[in-house]
Amino acid sequence: MTGFVADVLTLYPEMFPGSLGHSLAGRALAEGVWSLRTTQIRDFALDKHRHVDDTPAGGGPGMVMRADVLARAVDAVCPADDLRPRLVMTPRGRPLSQARVRDLAAGPGVVILCGRFEGVDERVISRRGLEEVSIGDYVLSGGEVAATVVLDAIVRLLPGVMGNDQSGLTESFETGLLEHAQYTKPPVFEGEDIPPVLLSGDHAKVDAWRKRNAEETTASRRPDLWLAHQAAKKT
């Protein structure tokens, strides 16, 4: 396969491509800009009943995905000489950032393990060099939705996927700020006008307004980002 190659290890391969088969990602998939392969983890189970989980060591509720089964699946999809990053989707992972997405998009592809139940055995994470990734401070039923989010974020940054490659450079998080407010026709909607500066034709004034609006929006909605942005400007 050529282009960006994504492998997803999951108990529910039928969930893919899902939304990734539509819009920008779907068109790029059809055109071969990227490829998506799914692997059924149960195919690597060690017993006839295809068990992939067992009770947690030390007791407690739920089940944990077995290290031996997952290791076999990872090894089959991603041998030692495969340089693609290996991710495991988990709420205890490092939060996904736009910078990390851009790094992943610049590489040859990615391998994503979708956790289920109470999670995966810690030993497969350490022994197979899995990078724990979270898409937010909440818990989902499994890693499949999170994997879809990661892939959607990556694919739209692949060369040629967006109609205007420059459009991605002004979006939220690319400059450390949230994106400025956007407007289009009609010029008046329910009594509210488009800010006159945006219709002035003066590009310098438009840029200044957008920068100021982005700063005000970030400061009011995401003070954490605003503080980080201010700190970065001082360095």
# chains A, B, ... in the order shown; residues from 1 in each chain; ligands from 1
$ select_by_dssp --residues "region 1-233 of chain A" --states "strand (DSSP E)" --output "ChimeraX atom specification"
/A:4-10,34-40,53-54,64-65,86-95,109-114,131-134,188-189,192-193
$ closest_atom_pairs --of "region 13-98 of chain A" --to "region 3-7 of chain A" --cutoff "7 Å" --atoms "only C-alpha atoms" --output "tab-separated table"
residue	atom	partner	partner_atom	distance
A:Val33	CA	A:Gly3	CA	5.5
A:Trp34	CA	A:Phe4	CA	4.5
A:Ser35	CA	A:Val5	CA	4.9
A:Leu36	CA	A:Ala6	CA	4.9
A:Arg37	CA	A:Asp7	CA	4.8
A:Thr38	CA	A:Asp7	CA	5.7
$ closest_residue --among "A:Arg210, A:Lys205, A:Arg156, A:Arg222" --to "Gln98 (chain A)" --atoms "only C-alpha atoms"
A:Arg156
$ select_by_dssp --residues "region 62-169 of chain A" --states "alpha helix (DSSP H)" --output "JSON, numbers by chain"
{"A": [67, 68, 69, 70, 71, 72, 73, 74, 75, 76, 77, 98, 99, 100, 101, 102, 103, 104, 105, 122, 123, 124, 125, 126, 127, 143, 144, 145, 146, 147, 148, 149, 150, 151, 152, 153, 154, 155]}
$ residues_around --residues "Tyr138 (chain A)" --least-positions-apart "6" --cutoff "12 Å" --atoms "only C-alpha atoms" --output "ChimeraX atom specification"
/A:90-93,95,146
